[in-house]
$ cat coords.pdb   # PDB, C-alpha atoms and all ligand atoms
ATOM      1  CA  MET A 214       0.000   0.000   0.000
ATOM      2  CA  THR A 215       1.149   3.514  -0.683
ATOM      3  CA  GLN A 216       1.543   5.952   2.155
ATOM      4  CA  ILE A 217      -1.544   7.955   1.213
ATOM      5  CA  THR A 218      -3.622   4.759   1.178
ATOM      6  CA  ASP A 219      -2.475   4.036   4.739
ATOM      7  CA  GLN A 220      -3.236   7.581   5.858
ATOM      8  CA  ILE A 221      -6.715   7.511   4.364
ATOM      9  CA  ALA A 222      -7.492   4.166   5.997
ATOM     10  CA  ASP A 223      -6.314   5.494   9.363
ATOM     11  CA  ILE A 224      -8.381   8.672   9.057
ATOM     12  CA  GLU A 225     -11.529   6.829   7.961
ATOM     13  CA  GLU A 226     -11.165   4.543  10.946
ATOM     14  CA  ARG A 227     -10.795   7.515  13.300
ATOM     15  CA  ILE A 228     -13.854   9.170  11.727
ATOM     16  CA  ASP A 229     -15.932   6.009  12.121
ATOM     17  CA  ARG A 230     -14.906   5.609  15.745
ATOM     18  CA  THR A 231     -15.737   9.246  16.453
ATOM     19  CA  LEU A 232     -19.166   8.942  14.818
ATOM     20  CA  ALA A 233     -19.854   5.777  16.816
ATOM     21  CA  ARG A 234     -18.993   7.332  20.173
ATOM     22  CA  SER A 235     -21.086  10.392  19.237
ATOM     23  CA  GLY A 236     -24.116   8.201  18.586
ATOM     24  CA  ARG A 237     -24.002   8.997  14.859
ATOM     25  CA  THR A 238     -23.371   5.517  13.461
ATOM     26  CA  GLY A 239     -24.478   5.335   9.836
ATOM     27  CA  GLU A 240     -23.813   9.007   9.149
ATOM     28  CA  THR A 241     -21.017  10.023   6.828
ATOM     29  CA  VAL A 242     -18.308  12.675   6.971
ATOM     30  CA  THR A 243     -16.920  14.094   3.737
ATOM     31  CA  VAL A 244     -13.139  14.277   3.686
ATOM     32  CA  VAL A 245     -11.922  17.283   1.721
ATOM     33  CA  ALA A 246      -8.259  16.621   0.956
ATOM     34  CA  VAL A 247      -6.527  19.987   1.223
ATOM     35  CA  SER A 248      -3.887  19.779  -1.492
ATOM     36  CA  LYS A 249      -2.518  23.324  -1.272
ATOM     37  CA  ARG A 250       1.259  23.381  -1.766
ATOM     38  CA  GLN A 251       1.171  19.717  -2.703
ATOM     39  CA  PRO A 252       1.975  18.635  -6.258
ATOM     40  CA  ALA A 253      -0.637  17.434  -8.739
ATOM     41  CA  SER A 254       0.834  13.944  -8.334
ATOM     42  CA  ALA A 255      -0.362  13.933  -4.700
ATOM     43  CA  VAL A 256      -3.918  14.601  -5.887
ATOM     44  CA  VAL A 257      -3.662  11.792  -8.435
ATOM     45  CA  ALA A 258      -2.439   9.384  -5.740
ATOM     46  CA  ALA A 259      -5.203  10.417  -3.327
ATOM     47  CA  GLU A 260      -7.803  10.017  -6.068
ATOM     48  CA  ALA A 261      -6.484   6.548  -6.863
ATOM     49  CA  ALA A 262      -6.873   5.757  -3.152
ATOM     50  CA  GLY A 263     -10.536   6.756  -3.249
ATOM     51  CA  LEU A 264     -10.816  10.463  -2.405
ATOM     52  CA  THR A 265     -12.927  12.726  -4.619
ATOM     53  CA  HIS A 266     -13.110  16.076  -2.782
ATOM     54  CA  PHE A 267     -10.058  18.357  -2.900
ATOM     55  CA  GLY A 268      -9.559  21.788  -1.312
ATOM     56  CA  GLU A 269      -7.347  24.641  -2.467
ATOM     57  CA  ASN A 270      -6.665  28.114  -1.017
ATOM     58  CA  TYR A 271      -4.555  29.825  -3.667
ATOM     59  CA  LEU A 272      -6.335  30.395  -6.950
ATOM     60  CA  GLN A 273      -3.417  30.419  -9.387
ATOM     61  CA  GLU A 274      -1.898  27.285  -7.899
ATOM     62  CA  ALA A 275      -5.318  25.631  -7.901
ATOM     63  CA  LEU A 276      -6.101  26.420 -11.529
ATOM     64  CA  GLU A 277      -2.810  24.940 -12.679
ATOM     65  CA  LYS A 278      -3.357  21.806 -10.603
ATOM     66  CA  ILE A 279      -6.963  21.368 -11.718
ATOM     67  CA  SER A 280      -5.921  21.499 -15.358
ATOM     68  CA  THR A 281      -2.916  19.194 -14.819
ATOM     69  CA  VAL A 282      -5.012  16.597 -13.013
ATOM     70  CA  ALA A 283      -7.813  16.999 -15.599
ATOM     71  CA  ASN A 284     -10.258  14.637 -13.904
ATOM     72  CA  SER A 285     -13.843  15.808 -14.216
ATOM     73  CA  SER A 286     -15.109  13.437 -11.536
ATOM     74  CA  LEU A 287     -13.280  15.372  -8.791
ATOM     75  CA  GLU A 288     -15.051  18.024  -6.745
ATOM     76  CA  TRP A 289     -12.793  20.991  -6.057
ATOM     77  CA  HIS A 290     -13.539  23.189  -3.023
ATOM     78  CA  PHE A 291     -12.266  26.746  -2.878
ATOM     79  CA  ILE A 292     -11.341  27.358   0.779
ATOM     80  CA  GLY A 293      -9.263  30.545   0.584
ATOM     81  CA  GLN A 294     -10.239  34.168   0.988
ATOM     82  CA  ILE A 295     -11.984  35.470  -2.124
ATOM     83  CA  GLN A 296     -10.971  38.659  -3.887
ATOM     84  CA  SER A 297     -13.774  39.994  -6.038
ATOM     85  CA  ASN A 298     -11.593  40.143  -9.158
ATOM     86  CA  LYS A 299     -11.008  36.374  -8.880
ATOM     87  CA  THR A 300     -14.609  35.188  -8.758
ATOM     88  CA  ARG A 301     -14.884  34.288 -12.455
ATOM     89  CA  SER A 302     -12.174  31.624 -12.326
ATOM     90  CA  ILE A 303     -13.615  30.264  -9.098
ATOM     91  CA  ALA A 304     -17.111  30.087 -10.601
ATOM     92  CA  GLU A 305     -15.771  28.317 -13.687
ATOM     93  CA  SER A 306     -13.435  25.768 -12.092
ATOM     94  CA  PHE A 307     -14.776  24.765  -8.677
ATOM     95  CA  SER A 308     -17.780  22.729  -7.478
ATOM     96  CA  TRP A 309     -17.836  24.232  -3.991
ATOM     97  CA  VAL A 310     -16.903  27.561  -2.419
ATOM     98  CA  GLU A 311     -16.595  27.318   1.370
ATOM     99  CA  THR A 312     -15.654  30.918   2.087
ATOM    100  CA  VAL A 313     -18.555  33.078   0.933
ATOM    101  CA  ASP A 314     -18.999  35.940   3.388
ATOM    102  CA  ARG A 315     -20.628  38.827   1.525
ATOM    103  CA  THR A 316     -23.433  39.499  -0.910
ATOM    104  CA  ARG A 317     -21.173  41.092  -3.514
ATOM    105  CA  ILE A 318     -19.099  37.914  -3.809
ATOM    106  CA  ALA A 319     -22.220  35.747  -3.917
ATOM    107  CA  ASP A 320     -23.707  37.916  -6.688
ATOM    108  CA  ARG A 321     -20.550  37.733  -8.772
ATOM    109  CA  LEU A 322     -20.234  33.953  -8.376
ATOM    110  CA  ASN A 323     -23.880  33.593  -9.401
ATOM    111  CA  ASP A 324     -23.499  35.836 -12.450
ATOM    112  CA  GLN A 325     -20.270  34.157 -13.531
ATOM    113  CA  ARG A 326     -21.226  30.511 -12.978
ATOM    114  CA  PRO A 327     -21.408  29.045 -16.491
ATOM    115  CA  GLU A 328     -24.927  28.039 -17.576
ATOM    116  CA  LYS A 329     -23.790  24.562 -18.596
ATOM    117  CA  LEU A 330     -22.543  23.724 -15.090
ATOM    118  CA  GLU A 331     -24.600  22.642 -12.104
ATOM    119  CA  PRO A 332     -25.226  25.349  -9.497
ATOM    120  CA  LEU A 333     -22.154  26.132  -7.396
ATOM    121  CA  ASN A 334     -22.335  24.641  -3.896
ATOM    122  CA  VAL A 335     -21.807  27.384  -1.329
ATOM    123  CA  LEU A 336     -20.928  27.443   2.349
ATOM    124  CA  ILE A 337     -21.099  30.641   4.362
ATOM    125  CA  GLN A 338     -17.902  31.206   6.304
ATOM    126  CA  LEU A 339     -18.487  32.110   9.932
ATOM    127  CA  ASN A 340     -16.091  34.139  12.031
ATOM    128  CA  LEU A 341     -17.980  34.161  15.309
ATOM    129  CA  ASP A 342     -14.973  35.459  17.242
ATOM    130  CA  ARG A 343     -14.505  38.403  14.854
ATOM    131  CA  GLU A 344     -10.877  37.601  14.157
ATOM    132  CA  PRO A 345      -9.706  40.427  11.898
ATOM    133  CA  GLN A 346      -7.186  38.388   9.877
ATOM    134  CA  LYS A 347      -9.855  35.883   8.813
ATOM    135  CA  GLY A 348     -12.811  36.190   6.503
ATOM    136  CA  GLY A 349     -16.279  35.213   7.629
ATOM    137  CA  ILE A 350     -19.316  36.781   9.232
ATOM    138  CA  THR A 351     -20.803  37.001  12.697
ATOM    139  CA  ALA A 352     -24.019  35.343  13.844
ATOM    140  CA  ASP A 353     -26.151  38.453  13.353
ATOM    141  CA  GLU A 354     -25.191  38.607   9.666
ATOM    142  CA  LEU A 355     -25.973  34.967   8.920
ATOM    143  CA  LEU A 356     -29.702  34.979   8.160
ATOM    144  CA  PRO A 357     -29.621  37.984   5.821
ATOM    145  CA  LEU A 358     -26.723  36.499   3.817
ATOM    146  CA  ALA A 359     -28.371  33.060   3.700
ATOM    147  CA  GLU A 360     -31.584  34.661   2.440
ATOM    148  CA  HIS A 361     -29.696  36.546  -0.225
ATOM    149  CA  ILE A 362     -27.800  33.470  -1.455
ATOM    150  CA  SER A 363     -30.963  31.360  -1.522
ATOM    151  CA  LYS A 364     -32.456  33.661  -4.154
ATOM    152  CA  LEU A 365     -29.530  33.237  -6.547
ATOM    153  CA  PRO A 366     -30.308  30.521  -9.119
ATOM    154  CA  LYS A 367     -26.731  29.470  -9.913
ATOM    155  CA  LEU A 368     -25.754  29.056  -6.248
ATOM    156  CA  ARG A 369     -26.877  26.290  -3.919
ATOM    157  CA  LEU A 370     -26.526  27.078  -0.226
ATOM    158  CA  ARG A 371     -25.291  23.878   1.448
ATOM    159  CA  GLY A 372     -24.264  25.082   4.926
ATOM    160  CA  VAL A 373     -21.562  26.776   6.932
ATOM    161  CA  MET A 374     -17.809  26.580   7.400
ATOM    162  CA  GLY A 375     -15.707  27.799  10.306
ATOM    163  CA  ILE A 376     -12.236  27.716  11.817
ATOM    164  CA  PRO A 377     -11.810  28.229  15.580
ATOM    165  CA  PRO A 378      -9.140  30.725  16.620
ATOM    166  CA  ALA A 379      -5.650  29.243  16.965
ATOM    167  CA  ASP A 380      -4.255  28.395  20.403
ATOM    168  CA  LEU A 381      -7.523  27.888  22.253
ATOM    169  CA  SER A 382      -7.641  25.465  25.145
ATOM    170  CA  PRO A 383      -9.300  22.141  24.296
ATOM    171  CA  THR A 384     -12.433  23.265  26.135
ATOM    172  CA  GLU A 385     -12.575  26.568  24.263
ATOM    173  CA  ASN A 386     -11.895  24.815  20.953
ATOM    174  CA  ARG A 387     -14.861  22.535  21.580
ATOM    175  CA  ALA A 388     -17.072  25.486  22.503
ATOM    176  CA  SER A 389     -16.055  27.244  19.297
ATOM    177  CA  PHE A 390     -16.985  24.224  17.158
ATOM    178  CA  SER A 391     -20.284  23.867  19.003
ATOM    179  CA  ALA A 392     -21.108  27.515  18.356
ATOM    180  CA  ILE A 393     -20.567  27.002  14.606
ATOM    181  CA  ALA A 394     -22.776  23.899  14.648
ATOM    182  CA  THR A 395     -25.457  25.838  16.514
ATOM    183  CA  GLU A 396     -25.533  28.416  13.724
ATOM    184  CA  ALA A 397     -26.070  25.627  11.186
ATOM    185  CA  GLU A 398     -28.980  24.346  13.272
ATOM    186  CA  ARG A 399     -30.404  27.854  13.398
ATOM    187  CA  LEU A 400     -30.422  27.991   9.589
ATOM    188  CA  LYS A 401     -32.355  24.722   9.519
ATOM    189  CA  THR A 402     -34.851  26.143  12.013
ATOM    190  CA  HIS A 403     -35.388  28.964   9.545
ATOM    191  CA  SER A 404     -36.178  26.410   6.813
ATOM    192  CA  PHE A 405     -32.916  26.556   4.909
ATOM    193  CA  ALA A 406     -32.372  23.100   3.408
ATOM    194  CA  ILE A 407     -28.691  22.832   4.310
ATOM    195  CA  ASP A 408     -26.752  19.628   4.873
ATOM    196  CA  THR A 409     -23.109  20.598   5.436
ATOM    197  CA  VAL A 410     -21.148  21.734   8.480
ATOM    198  CA  SER A 411     -17.514  22.096   7.415
ATOM    199  CA  MET A 412     -15.218  22.268  10.419
ATOM    200  CA  GLY A 413     -12.175  20.425  11.645
ATOM    201  CA  MET A 414      -8.648  20.194  10.258
ATOM    202  CA  SER A 415      -5.780  17.737  10.783
ATOM    203  CA  SER A 416      -5.201  18.594  14.434
ATOM    204  CA  ASP A 417      -8.806  18.756  15.633
ATOM    205  CA  PHE A 418     -11.131  16.921  13.249
ATOM    206  CA  GLU A 419     -12.287  14.374  15.824
ATOM    207  CA  THR A 420     -13.386  17.123  18.221
ATOM    208  CA  ALA A 421     -15.126  18.875  15.332
ATOM    209  CA  ILE A 422     -17.053  15.707  14.445
ATOM    210  CA  GLU A 423     -18.051  15.273  18.092
ATOM    211  CA  CYS A 424     -19.477  18.798  17.910
ATOM    212  CA  GLY A 425     -21.483  18.149  14.731
ATOM    213  CA  SER A 426     -19.143  18.467  11.738
ATOM    214  CA  ASN A 427     -19.866  16.332   8.688
ATOM    215  CA  CYS A 428     -17.136  17.758   6.457
ATOM    216  CA  VAL A 429     -13.479  17.873   7.512
ATOM    217  CA  ARG A 430     -10.710  19.642   5.625
ATOM    218  CA  LEU A 431      -7.489  17.673   5.995
ATOM    219  CA  GLY A 432      -4.094  18.633   4.625
ATOM    220  CA  THR A 433      -1.081  17.485   6.612
ATOM    221  CA  ALA A 434      -2.866  14.477   8.145
ATOM    222  CA  LEU A 435      -3.235  13.078   4.619
ATOM    223  CA  PHE A 436      -0.287  14.390   2.675
ATOM    224  CA  GLY A 437       2.327  15.151   5.310
ATOM    225  CA  PRO A 438       4.091  18.533   5.533
ATOM    226  CA  ARG A 439       3.439  21.136   2.851
ATOM    227  CA  SER A 440       6.197  22.792   0.874
ATOM    228  CA  THR A 441       6.994  26.107   2.536
ATOM    229  CA  VAL A 442       6.278  28.604  -0.204
ATOM    230  CA  SER A 443       5.203  31.886   1.335
ATOM    231  CA  ASP A 444       1.482  32.716   1.299
TER
HETATM  232  C1  LIG A 501      -4.694  24.684   5.103
HETATM  233  C2  LIG A 501      -6.133  24.595   5.456
HETATM  234  C3  LIG A 501      -6.681  23.388   5.904
HETATM  235  C4  LIG A 501      -5.875  22.128   6.150
HETATM  236  O1  LIG A 501      -5.003  22.299   7.221
HETATM  237  P1  LIG A 501      -4.239  21.039   7.898
HETATM  238  O2  LIG A 501      -3.919  21.514   9.251
HETATM  239  O3  LIG A 501      -3.052  20.771   7.054
HETATM  240  O4  LIG A 501      -5.191  19.903   7.897
HETATM  241  C5  LIG A 501      -8.033  23.348   6.151
HETATM  242  N1  LIG A 501      -8.823  24.434   5.983
HETATM  243  C6  LIG A 501      -8.325  25.610   5.564
HETATM  244  C7  LIG A 501      -9.253  26.765   5.400
HETATM  245  C8  LIG A 501      -6.966  25.729   5.302
HETATM  246  O5  LIG A 501      -6.488  26.913   4.909
END
$ encode --input "coords.pdb" --output "structure tokens" --more "lines below"
Ligand SMILES: *Cc1c(COP(=O)(O)O)cnc(C)c1O
Amino acid sequence: MTQITDQIADIEERIDRTLARSGRTGETVTVVAVSKRQPASAVVAAEAAGLTHFGENYLQEALEKISTVANSSLEWHFIGQIQSNKTRSIAESFSWVETVDRTRIADRLNDQRPEKLEPLNVLIQLNLDREPQKGGITADELLPLAEHISKLPKLRLRGVMGIPPADLSPTENRASFSAIATEAERLKTHSFAIDTVSMGMSSDFETAIECGSNCVRLGTALFGPRSTVSD
């Protein structure tokens, strides 16, 4: 077995155990393989080992990789901050955007999504702790943005995404994940037909699943260390 095959097997086992102890046996968790600063060959190997969802933060790097890999059965997730002059390429090349946090970006993605493609799956990025260096919105902005996105025909609102602040205690980290999950539940209460709570990365995905995540974004846990090109 290749190394990535071993890593995937280990992660799936950890996910299954976490679901079982959370009383969620039978549910599934989507693994988004975060391939930023990994070569296209790593994506090909992960695909051969069974993964279909891949996440990228940096648009130029992503576009090159998507065209090198050239596999139309993969679902690419854009997980980086979105500049409004980059929305066209995102709308044309990705299946999911996890970092939508304002109406202007949503409108542009909707206008620029090619007619021949399925609607773009969208997650609203939350930033409940108002961290200035991160994108995302606060709880009071969630319903208005969700309502806006729901009216756009080429976007499909699927849920929320969030990243707890770095260096929280384990207890605070758990509380942060739970707060994100609570916002997803609130959307459901308001009749939004969402199905995705994207939270949890390599170091904390089991905690995130315990708190309600069903989509984890894993880079180093799958691929090992990234090359250290500056952001
Ligand atoms: C880099 C990144 C990840 C993956 O991080 P790891 O710690 O390597 O798993 C997940 N989500 C986002 C938004 C990222 O930028």
$ residues_near_ligand --input "coords.pdb" --ligand "ligand LIG 501 (chain A)" --cutoff "8 Å" --atoms "all atoms listed in the file" --output "VMD selection string"
chain A and resid 246 to 247 249 268 to 270 292 to 293 376 413 to 416 429 to 435 437 to 439
$ resolve_selection --input "coords.pdb" --expression "the PyMOL selection byres (((chain A and resi 216) around 12) and not hetatm)" --output "ChimeraX atom specification"
/A:214-215,217-223,255,258-259,262,434-437
$ closest_residue --input "coords.pdb" --among "A:Val310, A:Ile337, A:Ile224, A:Ala304" --to "Gln325 (chain A)" --atoms "only C-alpha atoms"
A:Ala304
$ resolve_selection --input "coords.pdb" --expression "the PyMOL selection byres (((chain A and resi 371) around 8) and not hetatm)" --output "count of residues only"
11
$ resolve_selection --input "coords.pdb" --expression "the PyMOL selection byres (((chain A and resi 314) around 6) and not hetatm)" --output "list in words"
Val313, Arg315, Ile337, Gln338, Gly349 and Ile350 of chain A
$ closest_residue --input "coords.pdb" --among "A:Ala421, A:Ala253, A:Leu365, A:Leu264" --to "Ser286 (chain A)" --atoms "all atoms listed in the file"
A:Leu264
$ closest_residue --input "coords.pdb" --among "A:Thr420, A:Gln294, A:Ser411, A:Thr316" --to "Val245 (chain A)" --atoms "only C-alpha atoms"
A:Ser411
$ closest_residue --input "coords.pdb" --among "A:Ser440, A:Ser404, A:Gln296, A:Thr265" --to "Gly348 (chain A)" --atoms "only C-alpha atoms"
A:Gln296
$ closest_residue --input "coords.pdb" --among "A:Glu423, A:Glu274, A:Glu305, A:Glu311" --to "Arg227 (chain A)" --atoms "all atoms listed in the file"
A:Glu423
$ atom_distance --input "coords.pdb" --atom1 "CA of Thr300 (chain A)" --atom2 "CA of Leu339 (chain A)"
19.3 Å
$ closest_residue --input "coords.pdb" --among "A:Lys329, A:Asp320, A:Gln346, A:Leu232" --to "Leu358 (chain A)" --atoms "only C-alpha atoms"
A:Asp320
$ axis_aligned_box --input "coords.pdb" --around "region 216-229 of chain A" --padding-each-side "8 Å" --output "lines of an AutoDock Vina configuration file"
center_x = -7.2
center_y = 6.6
center_z = 7.2
size_x = 33.5
size_y = 21.1
size_z = 28.1
$ residues_around --input "coords.pdb" --residues "Cys424 (chain A)" --least-positions-apart "2" --cutoff "9 Å" --atoms "only C-alpha atoms" --output "PyMOL selection string"
chain A and resi 235+387-388+390-394+419-422+426
$ atom_distance --input "coords.pdb" --atom1 "CA of Lys367 (chain A)" --atom2 "CA of Trp289 (chain A)"
16.8 Å
$ atom_distance --input "coords.pdb" --atom1 "CA of Leu341 (chain A)" --atom2 "CA of Ser297 (chain A)"
22.5 Å
$ residues_around --input "coords.pdb" --residues "Leu356 (chain A)" --least-positions-apart "5" --cutoff "10 Å" --atoms "all atoms listed in the file" --output "list in words"
His361, Ile362, Glu396, Arg399, Leu400, His403 and Phe405 of chain A
$ build_atoms --input "coords.pdb" --residues "region 247-270 of chain A" --atoms "N, CA, C and O atoms" --output "PDB file, keeping the file's coordinate frame"
ATOM      1  N   VAL A 247      -7.066  18.648   1.507  1.00  0.00           N
ATOM      2  CA  VAL A 247      -6.527  19.987   1.223  1.00  0.00           C
ATOM      3  C   VAL A 247      -5.142  19.832   0.596  1.00  0.00           C
ATOM      4  O   VAL A 247      -4.168  19.497   1.268  1.00  0.00           O
ATOM      5  N   SER A 248      -5.102  20.062  -0.719  1.00  0.00           N
ATOM      6  CA  SER A 248      -3.887  19.779  -1.492  1.00  0.00           C
ATOM      7  C   SER A 248      -3.054  21.017  -1.775  1.00  0.00           C
ATOM      8  O   SER A 248      -2.156  20.977  -2.608  1.00  0.00           O
ATOM      9  N   LYS A 249      -3.335  22.118  -1.069  1.00  0.00           N
ATOM     10  CA  LYS A 249      -2.518  23.324  -1.272  1.00  0.00           C
ATOM     11  C   LYS A 249      -1.047  23.009  -1.006  1.00  0.00           C
ATOM     12  O   LYS A 249      -0.721  22.292  -0.057  1.00  0.00           O
ATOM     13  N   ARG A 250      -0.196  23.573  -1.866  1.00  0.00           N
ATOM     14  CA  ARG A 250       1.259  23.381  -1.766  1.00  0.00           C
ATOM     15  C   ARG A 250       1.667  21.901  -1.786  1.00  0.00           C
ATOM     16  O   ARG A 250       2.696  21.513  -1.244  1.00  0.00           O
ATOM     17  N   GLN A 251       0.817  21.096  -2.393  1.00  0.00           N
ATOM     18  CA  GLN A 251       1.171  19.717  -2.703  1.00  0.00           C
ATOM     19  C   GLN A 251       1.132  19.595  -4.223  1.00  0.00           C
ATOM     20  O   GLN A 251       0.332  20.267  -4.873  1.00  0.00           O
ATOM     21  N   PRO A 252       1.955  18.743  -4.801  1.00  0.00           N
ATOM     22  CA  PRO A 252       1.975  18.635  -6.258  1.00  0.00           C
ATOM     23  C   PRO A 252       0.736  17.928  -6.805  1.00  0.00           C
ATOM     24  O   PRO A 252       0.027  17.222  -6.073  1.00  0.00           O
ATOM     25  N   ALA A 253       0.489  18.111  -8.085  1.00  0.00           N
ATOM     26  CA  ALA A 253      -0.637  17.434  -8.739  1.00  0.00           C
ATOM     27  C   ALA A 253      -0.551  15.923  -8.551  1.00  0.00           C
ATOM     28  O   ALA A 253      -1.579  15.242  -8.422  1.00  0.00           O
ATOM     29  N   SER A 254       0.681  15.399  -8.501  1.00  0.00           N
ATOM     30  CA  SER A 254       0.834  13.944  -8.334  1.00  0.00           C
ATOM     31  C   SER A 254       0.233  13.461  -7.008  1.00  0.00           C
ATOM     32  O   SER A 254      -0.246  12.322  -6.914  1.00  0.00           O
ATOM     33  N   ALA A 255       0.237  14.317  -5.982  1.00  0.00           N
ATOM     34  CA  ALA A 255      -0.362  13.933  -4.700  1.00  0.00           C
ATOM     35  C   ALA A 255      -1.878  13.802  -4.842  1.00  0.00           C
ATOM     36  O   ALA A 255      -2.498  12.911  -4.244  1.00  0.00           O
ATOM     37  N   VAL A 256      -2.471  14.687  -5.641  1.00  0.00           N
ATOM     38  CA  VAL A 256      -3.918  14.601  -5.887  1.00  0.00           C
ATOM     39  C   VAL A 256      -4.240  13.317  -6.639  1.00  0.00           C
ATOM     40  O   VAL A 256      -5.189  12.601  -6.296  1.00  0.00           O
ATOM     41  N   VAL A 257      -3.434  13.010  -7.643  1.00  0.00           N
ATOM     42  CA  VAL A 257      -3.662  11.792  -8.435  1.00  0.00           C
ATOM     43  C   VAL A 257      -3.580  10.557  -7.537  1.00  0.00           C
ATOM     44  O   VAL A 257      -4.425   9.651  -7.605  1.00  0.00           O
ATOM     45  N   ALA A 258      -2.591  10.535  -6.645  1.00  0.00           N
ATOM     46  CA  ALA A 258      -2.439   9.384  -5.740  1.00  0.00           C
ATOM     47  C   ALA A 258      -3.622   9.286  -4.777  1.00  0.00           C
ATOM     48  O   ALA A 258      -4.125   8.188  -4.509  1.00  0.00           O
ATOM     49  N   ALA A 259      -4.074  10.428  -4.264  1.00  0.00           N
ATOM     50  CA  ALA A 259      -5.203  10.417  -3.327  1.00  0.00           C
ATOM     51  C   ALA A 259      -6.485   9.997  -4.036  1.00  0.00           C
ATOM     52  O   ALA A 259      -7.318   9.283  -3.478  1.00  0.00           O
ATOM     53  N   GLU A 260      -6.622  10.410  -5.280  1.00  0.00           N
ATOM     54  CA  GLU A 260      -7.803  10.017  -6.068  1.00  0.00           C
ATOM     55  C   GLU A 260      -7.778   8.511  -6.311  1.00  0.00           C
ATOM     56  O   GLU A 260      -8.798   7.830  -6.170  1.00  0.00           O
ATOM     57  N   ALA A 261      -6.600   7.996  -6.631  1.00  0.00           N
ATOM     58  CA  ALA A 261      -6.484   6.548  -6.863  1.00  0.00           C
ATOM     59  C   ALA A 261      -6.816   5.769  -5.595  1.00  0.00           C
ATOM     60  O   ALA A 261      -7.299   4.640  -5.646  1.00  0.00           O
ATOM     61  N   ALA A 262      -6.585   6.401  -4.437  1.00  0.00           N
ATOM     62  CA  ALA A 262      -6.873   5.757  -3.152  1.00  0.00           C
ATOM     63  C   ALA A 262      -8.318   5.989  -2.708  1.00  0.00           C
ATOM     64  O   ALA A 262      -8.700   5.581  -1.613  1.00  0.00           O
ATOM     65  N   GLY A 263      -9.101   6.671  -3.518  1.00  0.00           N
ATOM     66  CA  GLY A 263     -10.536   6.756  -3.249  1.00  0.00           C
ATOM     67  C   GLY A 263     -11.109   8.113  -2.888  1.00  0.00           C
ATOM     68  O   GLY A 263     -12.316   8.238  -2.702  1.00  0.00           O
ATOM     69  N   LEU A 264     -10.272   9.156  -2.774  1.00  0.00           N
ATOM     70  CA  LEU A 264     -10.816  10.463  -2.405  1.00  0.00           C
ATOM     71  C   LEU A 264     -11.310  11.217  -3.648  1.00  0.00           C
ATOM     72  O   LEU A 264     -10.730  11.085  -4.730  1.00  0.00           O
ATOM     73  N   THR A 265     -12.374  11.980  -3.472  1.00  0.00           N
ATOM     74  CA  THR A 265     -12.927  12.726  -4.619  1.00  0.00           C
ATOM     75  C   THR A 265     -13.056  14.225  -4.366  1.00  0.00           C
ATOM     76  O   THR A 265     -13.240  14.989  -5.303  1.00  0.00           O
ATOM     77  N   HIS A 266     -12.989  14.648  -3.096  1.00  0.00           N
ATOM     78  CA  HIS A 266     -13.110  16.076  -2.782  1.00  0.00           C
ATOM     79  C   HIS A 266     -11.727  16.640  -2.459  1.00  0.00           C
ATOM     80  O   HIS A 266     -11.025  16.098  -1.592  1.00  0.00           O
ATOM     81  N   PHE A 267     -11.360  17.730  -3.115  1.00  0.00           N
ATOM     82  CA  PHE A 267     -10.058  18.357  -2.900  1.00  0.00           C
ATOM     83  C   PHE A 267     -10.244  19.838  -2.630  1.00  0.00           C
ATOM     84  O   PHE A 267     -11.106  20.487  -3.239  1.00  0.00           O
ATOM     85  N   GLY A 268      -9.433  20.381  -1.705  1.00  0.00           N
ATOM     86  CA  GLY A 268      -9.559  21.788  -1.312  1.00  0.00           C
ATOM     87  C   GLY A 268      -8.303  22.561  -1.631  1.00  0.00           C
ATOM     88  O   GLY A 268      -7.194  22.061  -1.423  1.00  0.00           O
ATOM     89  N   GLU A 269      -8.479  23.775  -2.130  1.00  0.00           N
ATOM     90  CA  GLU A 269      -7.347  24.641  -2.467  1.00  0.00           C
ATOM     91  C   GLU A 269      -7.615  26.064  -1.973  1.00  0.00           C
ATOM     92  O   GLU A 269      -8.750  26.549  -2.038  1.00  0.00           O
ATOM     93  N   ASN A 270      -6.555  26.740  -1.508  1.00  0.00           N
ATOM     94  CA  ASN A 270      -6.665  28.114  -1.017  1.00  0.00           C
ATOM     95  C   ASN A 270      -6.204  29.163  -2.017  1.00  0.00           C
ATOM     96  O   ASN A 270      -6.639  30.306  -1.958  1.00  0.00           O
TER      97      ASN A 270
END
